[in-house]
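Engineer: Next up is a structure, given as structure tokens.
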Amino acid sequence: MFQDNYAPQKGTFTFTMIKPGEENQDYVGEILTMIHEAGFRIQAMKMVRLRTKQAEMFYRHLSDQPFYQDVVKYMTSGPVIAAVLEKENAVVDYRKLIGATDPTKAEEGTIRKRFAKSTDRNVVHGSDSDDNAAEEASFFFSFSERYNKDGHCFFGWGK
Ligand code: GDP
Ligand code: MG
């Protein structure tokens with residue numbers, strides 16, 4: 001009876017964070033409006049402050065970059081707003097909505113173009129593949145904290 005409710009299907013969601021900082025708090029409402037108007041449904045959301053080890057783990061793909069420790073320091077400097085967003089083609093469409101990593105290269109109408117002042121403070125995170133979306137969403141949320149469109153949580157067992 002819970003057939004379509006065991007686990008979220010890869011490819012139907014992405015993971016995002018609104019990054020820390022007082023300036024970003026000013027944009028939360030407008031960012032969520034842009035997300036909503038682009039057709040994403042919120043599957044899960046919470047505010048959480050990462051510990052250093054967690055940020056190091058989350059950004060481990062950057063560990064050989066000179067700016068790695070800066071990223072970790074910034075991402076642990078205050079709470080982030082973490083969310084799982086559901087939509088067909090979610091990962092690709094959300095990367096389009098947030099725009100390029102460097103906001104000066106981001107297209108008009110994107111979140112980073114509108115709100116970000118620099119690459120190291122580019123306001124939002126968005127997963128870059130379906131596999132990473134699944135991993136990153138699971139880093140922050142259990143299946144039982146994620147809700148399908150009928151308002152039921154995913155159970156994470158049965159498949
Ligand atoms: P994203 O997927 O567009 O967020 O970009 P990446 O996954 O390549 O990098 C993760 C985050 O590291 C970016 O969002 C930036 O905040 C930061 N970052 C990336 N490149 C640079 C850089 O050249 N300098 C600094 N200071 N930060 C960077
Ligand atoms: Mg990335």
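Residues are named by chain letter and number: chains run A, B, ... in the order of the structure tokens, numbers start at 1 in each chain, and ligands are numbered from 1 in the order shown.
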Taking only C-alpha atoms and all ligand atoms into account, which residues are within 8 Å of ligand 2, as a CSV table (one decimal) with N, CA and C atoms, in the first residue's frame?
Structural biologist:
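The resulting file, out_9.csv, is reproduced below:
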```csv
chain,number,residue,atom,x,y,z
A,125,HIS,N,24.1,26.9,-2.6
A,125,HIS,CA,24.7,25.7,-3.2
A,125,HIS,C,23.7,24.9,-4.0
A,126,GLY,N,24.1,24.2,-5.0
A,126,GLY,CA,23.2,23.4,-5.7
A,126,GLY,C,23.9,22.1,-6.2
A,127,SER,N,23.4,21.0,-6.0
A,127,SER,CA,24.1,19.7,-6.4
A,127,SER,C,24.4,19.7,-7.9
A,128,ASP,N,25.5,19.0,-8.2
A,128,ASP,CA,25.9,19.1,-9.7
A,128,ASP,C,25.6,17.8,-10.4
```
Engineer: Show me which residues are within 9 Å of ligand 1 counting only C-alpha atoms and all ligand atoms, and format the list as a ChimeraX atom specification.
Structural biologist: /A:19,59,61-62,65-68,70-72,74-75,95,98-102,118-128
Engineer: Find the residues near range 139-142 of chain A: any atom within 12 Å, counting only C-alpha atoms, skip ones fewer than 6 places away on the same chain, and give them as a PyMOL selection string.
Structural biologist: chain A and resi 7-8+15-17+43-50+54-55+57-59+80-84+132-133+153-157
Engineer: Between CA of Glu56 in chain A and CA of Gly11 in chain A, measure the distance and give it in Å to one decimal.
Structural biologist: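 So the two atoms, CA of Glu56 in chain A and CA of Gly11 in chain A, lie 25.6 Å apart.
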Engineer: What lies within 7 Å of Asn89 in chain A using only C-alpha atoms, ignoring chain neighbours under 3 positions off, as a ChimeraX atom specification?
Structural biologist: /A:11-12,92-93
Engineer: When you look at Pro103 in chain A with a cut-off of 9 Å (counting only C-alpha atoms), what residues show up, excluding the ones that are within fewer than 6 positions of it in the same chain? I need them as a PDB file with N, CA and C atoms, in the first residue's frame.
Structural biologist:
```pdb
ATOM      1  N   ILE A 111      19.891  33.293  -9.430  1.00  0.00           N
ATOM      2  CA  ILE A 111      19.984  33.673  -8.014  1.00  0.00           C
ATOM      3  C   ILE A 111      21.350  34.305  -7.717  1.00  0.00           C
ATOM      4  N   ARG A 112      22.403  33.700  -8.239  1.00  0.00           N
ATOM      5  CA  ARG A 112      23.743  34.234  -7.956  1.00  0.00           C
ATOM      6  C   ARG A 112      23.948  35.597  -8.623  1.00  0.00           C
ATOM      7  N   LYS A 113      23.446  35.755  -9.841  1.00  0.00           N
ATOM      8  CA  LYS A 113      23.589  37.061 -10.513  1.00  0.00           C
ATOM      9  C   LYS A 113      22.891  38.133  -9.684  1.00  0.00           C
ATOM     10  N   ARG A 114      21.739  37.777  -9.154  1.00  0.00           N
ATOM     11  CA  ARG A 114      20.924  38.765  -8.457  1.00  0.00           C
ATOM     12  C   ARG A 114      21.477  39.105  -7.068  1.00  0.00           C
ATOM     13  N   PHE A 115      21.986  38.098  -6.347  1.00  0.00           N
ATOM     14  CA  PHE A 115      22.296  38.331  -4.932  1.00  0.00           C
ATOM     15  C   PHE A 115      23.768  38.172  -4.556  1.00  0.00           C
ATOM     16  N   ALA A 116      24.553  37.453  -5.361  1.00  0.00           N
ATOM     17  CA  ALA A 116      25.923  37.135  -4.920  1.00  0.00           C
ATOM     18  C   ALA A 116      26.899  38.238  -5.299  1.00  0.00           C
ATOM     19  N   LYS A 117      27.838  38.475  -4.374  1.00  0.00           N
ATOM     20  CA  LYS A 117      28.815  39.543  -4.613  1.00  0.00           C
ATOM     21  C   LYS A 117      30.155  38.976  -5.081  1.00  0.00           C
ATOM     22  N   SER A 118      30.431  37.708  -4.777  1.00  0.00           N
ATOM     23  CA  SER A 118      31.713  37.122  -5.152  1.00  0.00           C
ATOM     24  C   SER A 118      31.610  35.600  -5.190  1.00  0.00           C
ATOM     25  N   THR A 119      32.619  34.971  -5.786  1.00  0.00           N
ATOM     26  CA  THR A 119      32.650  33.500  -5.894  1.00  0.00           C
ATOM     27  C   THR A 119      32.633  32.837  -4.528  1.00  0.00           C
ATOM     28  N   ASN A 122      28.827  33.041  -2.747  1.00  0.00           N
ATOM     29  CA  ASN A 122      27.887  33.009  -3.879  1.00  0.00           C
ATOM     30  C   ASN A 122      26.479  32.528  -3.500  1.00  0.00           C
TER      31      ASN A 122
END
```
Engineer: Which one of A:Thr110, A:Ser63, A:Thr104, A:Ser77 sits closest to Ile35 in chain A if you count only C-alpha atoms?
Structural biologist: A:Thr110
Engineer: What is the distance, in Å and to one decimal place, between CA of Thr52 in chain A and CA of Ser138 in chain A?
Structural biologist: 18.0 Å
Engineer: So, with only C-alpha atoms as the atoms that count, which of A:Glu23, A:Glu107, A:Glu136, A:Met34 lies closest to Val91 in chain A?
Structural biologist: A:Glu136
Engineer: Which residues in range 94-139 of chain A does DSSP call helix (DSSP H, G or I)? List them as a VMD selection string.
Structural biologist: chain A and resid 94 to 98 103 to 105 111 to 115 130 to 139
Engineer: Please return as a VMD selection string: the residues of range 73-136 of chain A that backbone DSSP assigns to strand (DSSP E or B).
Structural biologist: chain A and resid 80 to 86 118 121 124 to 126
Engineer: Any chance you can output those residues with C-alpha atoms as a tab-separated table (two decimals), in the first residue's frame?
Structural biologist:
```
chain	number	residue	atom	x	y	z
A	80	VAL	CA	22.74	27.30	6.53
A	81	ILE	CA	19.23	26.70	5.27
A	82	ALA	CA	19.30	23.22	3.77
A	83	ALA	CA	16.55	21.88	1.53
A	84	VAL	CA	15.66	19.09	-0.84
A	85	LEU	CA	13.84	20.37	-3.92
A	86	GLU	CA	11.68	18.19	-6.13
A	118	SER	CA	31.71	37.12	-5.15
A	121	ARG	CA	30.14	34.20	-1.10
A	124	VAL	CA	23.54	29.22	-2.67
A	125	HIS	CA	24.73	25.67	-3.15
A	126	GLY	CA	23.18	23.35	-5.74
```
Engineer: When distances are computed from only C-alpha atoms, which of A:Glu135, A:Gln9, A:Lys53, A:Gly78 shows the smallest separation from Glu22 in chain A?
Structural biologist: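 That would be A:Gly78, the residue with the smallest distance to Glu22 in chain A.
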Engineer: Which value, in Å to one decimal, gives the distance between CA of Asp150 in chain A and CA of Lys87 in chain A?
Structural biologist: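 These two atoms are separated by 14.4 Å.
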